[in-house]
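Below is work.txt, holding compact mmCIF, C-alpha atoms.
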```txt
# COMPACT_ATOMS: atom_id res chain seq x y z
CA MET F 1 11.38 -118.75 232.35
CA THR F 2 9.82 -115.31 231.85
CA VAL F 3 6.39 -116.80 231.31
CA THR F 4 6.73 -118.93 234.46
CA LEU F 5 7.71 -115.89 236.51
CA LEU F 6 4.88 -113.87 234.99
CA ILE F 7 2.35 -116.57 235.89
CA LEU F 8 3.75 -116.77 239.44
CA HIS F 9 3.54 -112.98 239.66
CA GLY F 10 -0.10 -113.21 238.58
CA ILE F 11 -0.93 -115.95 241.10
CA PHE F 12 0.61 -114.04 244.01
CA ALA F 13 -1.12 -110.86 242.83
CA PHE F 14 -4.42 -112.74 242.78
CA LEU F 15 -3.90 -113.97 246.37
CA LEU F 16 -2.89 -110.48 247.46
CA LEU F 17 -5.92 -108.93 245.83
CA GLY F 18 -8.24 -111.39 247.57
CA ALA F 19 -6.69 -110.89 251.00
CA LEU F 20 -6.56 -107.13 250.74
CA THR F 21 -10.09 -106.78 249.37
CA HIS F 22 -11.40 -109.02 252.14
CA GLN F 23 -9.60 -106.97 254.76
CA ALA F 24 -10.82 -103.69 253.25
CA VAL F 25 -14.44 -104.82 253.16
CA THR F 26 -14.41 -106.08 256.73
CA SER F 27 -12.75 -102.83 257.88
CA VAL F 28 -15.22 -100.51 256.22
CA TRP F 29 -18.34 -102.64 256.61
CA PRO F 30 -17.87 -104.98 259.59
CA ARG F 31 -20.44 -107.65 260.34
CA LYS F 32 -23.05 -106.97 262.99
CA PRO F 33 -24.12 -109.83 265.26
CA THR F 34 -27.58 -109.88 263.66
CA ASP F 35 -26.32 -110.05 260.05
CA LYS F 36 -26.71 -113.39 258.30
CA GLY F 37 -25.94 -114.87 254.90
CA PHE F 38 -22.92 -115.23 252.62
CA ILE F 39 -22.03 -111.53 252.49
CA ALA F 40 -22.29 -111.25 256.27
CA VAL F 41 -19.89 -114.18 256.64
CA TYR F 42 -17.55 -112.52 254.13
CA ARG F 43 -17.63 -109.36 256.27
CA GLY F 44 -17.21 -111.27 259.49
CA VAL F 45 -13.50 -112.15 259.29
CA HIS F 46 -10.89 -110.56 261.53
CA GLY F 47 -9.07 -108.06 259.32
CA HIS F 48 -6.20 -108.01 261.79
CA SER F 49 -5.18 -111.55 260.89
CA TYR F 50 -4.66 -110.63 257.22
CA THR F 51 -2.00 -107.99 257.82
CA ASN F 52 1.18 -110.07 257.79
CA ALA F 53 -0.10 -112.20 254.90
CA VAL F 54 -0.82 -109.05 252.88
CA ILE F 55 2.66 -107.68 253.54
CA VAL F 56 4.40 -110.95 252.62
CA LEU F 57 2.27 -111.39 249.48
CA PHE F 58 2.84 -107.79 248.46
CA ILE F 59 6.63 -108.12 248.79
CA ILE F 60 6.75 -111.42 246.87
CA THR F 61 4.49 -110.05 244.11
CA PHE F 62 6.54 -106.85 243.99
CA ILE F 63 9.87 -108.67 243.67
CA LEU F 64 8.54 -110.97 240.94
CA GLY F 65 7.01 -107.98 239.13
CA GLY F 66 10.22 -105.99 239.51
CA TYR F 67 12.13 -108.82 237.83
CA VAL F 68 9.63 -109.41 235.03
CA TYR F 69 9.69 -105.65 234.41
CA ILE F 70 13.12 -106.10 232.79
CA PHE F 71 11.61 -108.28 230.06
CA TYR F 72 8.76 -105.83 229.58
CA ARG F 73 11.29 -103.04 229.01
CA ILE F 74 13.26 -105.00 226.43
CA GLN F 75 10.65 -107.12 224.67
CA VAL F 76 7.23 -105.52 225.14
CA ARG F 77 7.58 -101.76 225.31
CA PRO F 78 9.73 -101.20 222.17
CA PRO F 79 7.19 -102.75 219.76
CA LEU F 80 4.39 -100.77 221.42
CA GLU F 81 6.43 -97.58 220.99
CA ALA F 82 7.12 -98.44 217.37
CA LEU F 83 3.39 -98.82 216.76
CA LEU F 84 2.69 -95.58 218.69
CA ASP F 85 0.35 -97.65 220.84
CA LEU F 86 0.82 -95.43 223.89
CA VAL F 87 -2.20 -96.38 226.02
CA PRO F 88 -0.80 -99.78 227.15
CA ILE F 89 2.52 -98.09 227.97
CA GLY F 90 0.66 -95.48 230.02
CA VAL F 91 -1.33 -98.15 231.82
CA PHE F 92 1.87 -99.98 232.69
CA GLU F 93 3.45 -96.72 233.89
CA ILE F 94 0.49 -96.13 236.22
CA LYS F 95 0.77 -99.70 237.53
CA GLU F 96 4.49 -99.26 238.11
CA HIS F 97 4.03 -95.97 239.98
CA PHE F 98 1.09 -97.11 242.09
CA THR F 99 2.83 -100.27 243.26
CA ALA F 100 6.02 -98.35 244.07
CA ILE F 101 4.13 -95.78 246.17
CA ALA F 102 2.10 -98.57 247.78
CA MET F 103 5.35 -100.32 248.69
CA GLY F 104 6.36 -97.21 250.60
CA MET F 105 3.06 -97.38 252.50
CA LEU F 106 3.58 -100.90 253.83
CA PRO F 107 5.36 -99.88 257.06
CA ALA F 108 2.56 -97.41 257.90
CA TYR F 109 -0.07 -100.03 257.04
CA TRP F 110 1.64 -102.50 259.38
CA TYR F 111 1.94 -99.84 262.08
CA TYR F 112 -1.77 -98.99 262.09
CA TRP F 113 -2.92 -102.59 262.03
CA LYS F 114 -0.46 -104.07 264.52
CA LYS F 115 0.49 -101.21 266.82
CA LYS F 116 -2.36 -98.70 266.63
CA PRO F 117 -5.46 -100.71 265.65
CA GLU F 118 -7.62 -98.32 267.66
CA ASN F 119 -6.73 -95.58 265.17
CA LYS F 120 -9.45 -96.19 262.58
CA MET F 121 -8.44 -93.30 260.33
CA GLY F 122 -4.91 -94.62 259.82
CA ARG F 123 -5.90 -98.28 259.67
CA ILE F 124 -8.79 -97.96 257.21
CA GLY F 125 -7.14 -95.21 255.17
CA THR F 126 -3.93 -97.13 254.50
CA THR F 127 -5.90 -100.31 253.76
CA LEU F 128 -8.21 -98.63 251.25
CA VAL F 129 -5.40 -96.86 249.40
CA LEU F 130 -3.36 -100.08 249.26
CA THR F 131 -6.41 -101.97 247.99
CA PHE F 132 -7.03 -99.32 245.34
CA ALA F 133 -3.39 -99.47 244.18
CA VAL F 134 -3.39 -103.26 244.01
CA TRP F 135 -6.66 -103.34 242.04
CA VAL F 136 -5.32 -100.81 239.54
CA ALA F 137 -2.07 -102.77 239.23
CA PHE F 138 -3.88 -106.07 238.81
CA VAL F 139 -6.28 -104.88 236.13
CA GLY F 140 -3.56 -102.81 234.43
CA GLY F 141 -1.18 -105.75 234.36
CA HIS F 142 -3.78 -107.98 232.75
CA PHE F 143 -4.61 -105.30 230.22
CA VAL F 144 -0.98 -104.86 229.14
CA ASN F 145 -0.39 -108.59 229.05
CA ASN F 146 -3.44 -109.13 226.86
CA VAL F 147 -2.53 -106.28 224.49
CA ARG F 148 0.94 -107.74 223.91
CA GLY F 149 -0.66 -111.08 223.25
CA LEU F 150 -2.70 -109.53 220.46
CA LEU F 151 0.28 -107.94 218.71
CA MET T 1 11.66 -100.45 268.04
CA ASN T 2 8.68 -98.59 269.48
CA TRP T 3 10.12 -95.13 268.91
CA MET T 4 11.12 -96.08 265.37
CA GLU T 5 7.63 -97.30 264.46
CA ARG T 6 6.30 -93.78 264.91
CA ALA T 7 8.33 -92.81 261.85
CA PHE T 8 6.50 -95.22 259.53
CA PRO T 9 3.62 -92.90 258.51
CA ALA T 10 6.11 -90.13 257.67
CA PHE T 11 8.13 -92.66 255.69
CA ALA T 12 5.08 -93.25 253.46
CA LEU T 13 4.79 -89.52 252.77
CA GLY T 14 8.51 -89.00 252.13
CA PHE T 15 8.65 -92.02 249.83
CA ALA T 16 5.64 -90.91 247.75
CA ALA T 17 6.77 -87.28 247.56
CA TYR T 18 10.26 -88.16 246.40
CA TYR T 19 8.99 -90.74 243.93
CA GLY T 20 6.67 -88.22 242.28
CA ALA T 21 9.39 -85.57 242.13
CA ALA T 22 11.96 -88.05 240.81
CA PHE T 23 9.66 -89.01 237.96
CA GLU T 24 8.83 -85.41 237.10
CA PHE T 25 12.37 -84.03 237.27
CA ASN T 26 14.15 -87.20 236.18
CA SER T 27 17.76 -86.16 235.63
CA GLY T 28 20.96 -85.67 237.64
CA TYR T 29 20.85 -87.42 241.01
CA TRP T 30 17.11 -88.18 241.15
CA PRO T 31 17.65 -91.90 240.47
CA ALA T 32 20.44 -93.54 242.51
CA PHE T 33 21.44 -95.46 239.39
CA THR T 34 20.35 -96.33 235.86
CA TYR T 35 20.07 -99.92 234.74
CA TYR T 36 20.48 -101.09 231.15
CA PRO T 37 18.60 -104.39 230.94
CA ALA T 38 19.69 -105.22 227.38
CA VAL T 39 23.37 -105.39 228.37
CA ASN T 40 22.95 -105.91 232.14
CA GLU T 41 24.99 -102.84 233.03
CA PHE T 42 24.59 -100.07 235.58
CA ALA T 43 25.51 -96.40 235.65
CA TRP T 44 25.41 -94.14 238.68
CA PHE T 45 22.56 -91.65 238.89
CA PHE T 46 20.71 -90.56 235.73
CA ALA T 47 22.00 -91.72 232.35
CA PHE T 48 20.54 -91.87 228.86
CA GLY T 49 20.15 -94.95 226.72
CA ASN T 50 21.63 -95.37 223.25
CA ASP T 51 21.92 -97.96 220.48
CA GLU T 52 24.88 -99.57 222.21
CA VAL T 53 23.42 -100.11 225.69
CA GLY T 54 19.72 -100.12 224.84
CA PRO T 55 16.86 -98.56 226.82
CA PRO T 56 17.58 -97.22 230.31
CA MET T 57 15.56 -98.10 233.42
CA HIS T 58 15.46 -95.50 236.18
CA TRP T 59 12.71 -97.08 238.27
CA TYR T 60 15.02 -99.16 240.48
CA GLY T 61 17.11 -96.06 241.13
CA TRP T 62 14.03 -94.05 242.07
CA MET T 63 13.02 -96.78 244.50
CA VAL T 64 16.39 -96.65 246.26
CA ASN T 65 16.36 -92.86 246.59
CA SER T 66 12.67 -92.80 247.60
CA THR T 67 13.53 -95.22 250.42
CA LEU T 68 16.31 -92.89 251.55
CA ALA T 69 13.99 -89.87 251.36
CA GLY T 70 11.29 -91.71 253.31
CA THR T 71 13.84 -92.68 255.96
CA ALA T 72 15.05 -89.08 256.22
CA LEU T 73 11.52 -87.68 256.61
CA GLY T 74 10.69 -90.42 259.09
CA ALA T 75 13.74 -89.47 261.16
CA LEU T 76 12.73 -85.80 261.05
CA ALA T 77 9.18 -86.67 262.06
CA LEU T 78 10.50 -88.27 265.26
CA LEU T 79 11.62 -84.82 266.35
CA LEU T 80 8.03 -83.55 266.27
CA PRO T 81 5.94 -83.53 269.45
CA THR T 82 3.98 -86.75 269.98
CA LYS T 83 0.67 -84.85 269.97
CA ILE T 84 1.22 -83.62 266.41
CA ILE T 85 2.28 -87.08 265.24
CA GLU T 86 -0.79 -88.72 266.78
CA LYS T 87 -3.17 -86.20 265.22
CA THR T 88 -1.80 -85.61 261.73
CA TRP T 89 0.02 -88.77 260.66
CA PRO T 90 -3.04 -91.07 260.55
CA VAL T 91 -4.31 -88.88 257.68
CA VAL T 92 -0.95 -88.06 256.12
CA ALA T 93 0.01 -91.77 256.01
CA TRP T 94 -2.61 -92.50 253.34
CA ALA T 95 -3.50 -89.06 251.96
CA GLY T 96 0.13 -88.37 251.01
CA PRO T 97 0.53 -91.57 248.95
CA LEU T 98 -2.95 -91.10 247.46
CA ALA T 99 -1.98 -87.59 246.37
CA GLY T 100 1.23 -89.08 244.94
CA MET T 101 -0.81 -91.55 242.89
CA ALA T 102 -3.09 -88.79 241.62
CA PHE T 103 -0.03 -86.80 240.61
CA MET T 104 1.39 -89.77 238.73
CA ILE T 105 -1.82 -90.04 236.68
CA TYR T 106 -1.48 -86.34 235.86
CA ALA T 107 2.21 -86.75 234.98
CA ASP T 108 1.44 -89.67 232.66
CA ARG T 109 -1.55 -88.01 230.99
CA PHE T 110 0.24 -87.66 227.62
CA PHE T 111 0.03 -91.43 227.16
CA PHE T 112 -3.75 -91.19 227.09
CA PHE T 113 -4.62 -87.87 225.44
```

The structure given in the file should be rewritten as structure tokens.
Amino acid sequence: MTVTLLILHGIFAFLLLGALTHQAVTSVWPRKPTDKGFIAVYRGVHGHSYTNAVIVLFIITFILGGYVYIFYRIQVRPPLEALLDLVPIGVFEIKEHFTAIAMGMLPAYWYYWKKKPENKMGRIGTTLVLTFAVWVAFVGGHFVNNVRGLL
Amino acid sequence: MNWMERAFPAFALGFAAYYGAAFEFNSGYWPAFTYYPAVNEFAWFFAFGNDEVGPPMHWYGWMVNSTLAGTALGALALLLPTKIIEKTWPVVAWAGPLAGMAFMIYADRFFFF
């Protein structure tokens, strides 16, 4: 059950990471009409259309992660503490904090994309910080998962 | 709904600020509750773990209180003149949480050094 939930958490995180990264790239580096090629097509999407998907994916990933966290606290962290292997614990702590703070940003992110899209500072700023937090959480989660697998 | 939406950027700041403070000063009322996953029990506010109940989890309690703090700051922000909100919140909405994340790295530095 835990493994199934962890895999689902990973799949939703993967989808979230893709959507958010795509939206961030197209916000910061939008396609010009003369640009051609694969990267230009990647930059050419409408970032606006990703907003609701990002929010839904973030919430689903967050809920799954929040549930799996219980098993981490009981089954994963104690052996790491016993071995004084503190780096994976620290990485998980950072992941936990970043995703929590990013969760608090979601209403503002929605606001700047859906209600004030003309406000570039708010729209791009919230998107980049969310993207950064999700990347850190994604890589950190994989790192901790792999470390536990090696124990 | 329109008037309420203007509170969202301030919510992000209030949430991040409370979360960072709750982690740093974790005791007393900072978490709304403590959860003991090993025995599936709850205690109000901050509580320690022991051999009987196992390790404590304060994170869920921080989340609840951070939401309340964000809501309170958002409500206060609605009292500010629209001009100030339009000018400052687009930066505060992401710079506040980013500062919160930087602070969390600093607060967790002992895991790495």

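All chain T residues having an atom within 6 Å of chain F, based on all atoms listed in the file, amount to Phe8, Pro9, Ala12, Phe15, Ala16, Pro90, Trp94, Met101, Phe111 and Phe112 of chain T.
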
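The nearest approach to Pro79 (chain F) among the residues F:Val56, F:Val147, F:Ile7, F:Leu64, with all atoms listed in the file taken into account, belongs to F:Val147.
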
(Q) At a cut-off of 12 Å around the point (25.0, -105.6, 230.6) (file coordinates), what residues fall inside when counting only C-alpha atoms? I'd like the answer as a ChimeraX atom specification. (A) /T:34-43,52-56

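Between CA of Gly141 (chain F) and CA of Gly14 (chain T) lies a distance of 26.3 Å.
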
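Of the residues listed (T:Ala21, T:Ala93, T:Met57, T:Ile84), T:Ala21 shows the shortest atom-to-atom separation from Ala69 (chain T); distances use all atoms listed in the file.
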
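Remark: for Ile63 (chain F), the closest of the candidate residues F:Ala40, F:Val134, F:Leu6, F:Met1 is F:Leu6 (distances computed over all atoms listed in the file).
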
(Q) Using Å and a single decimal, report how far CA of Leu15 (chain F) sits from CA of His58 (chain T). (A) 28.6 Å
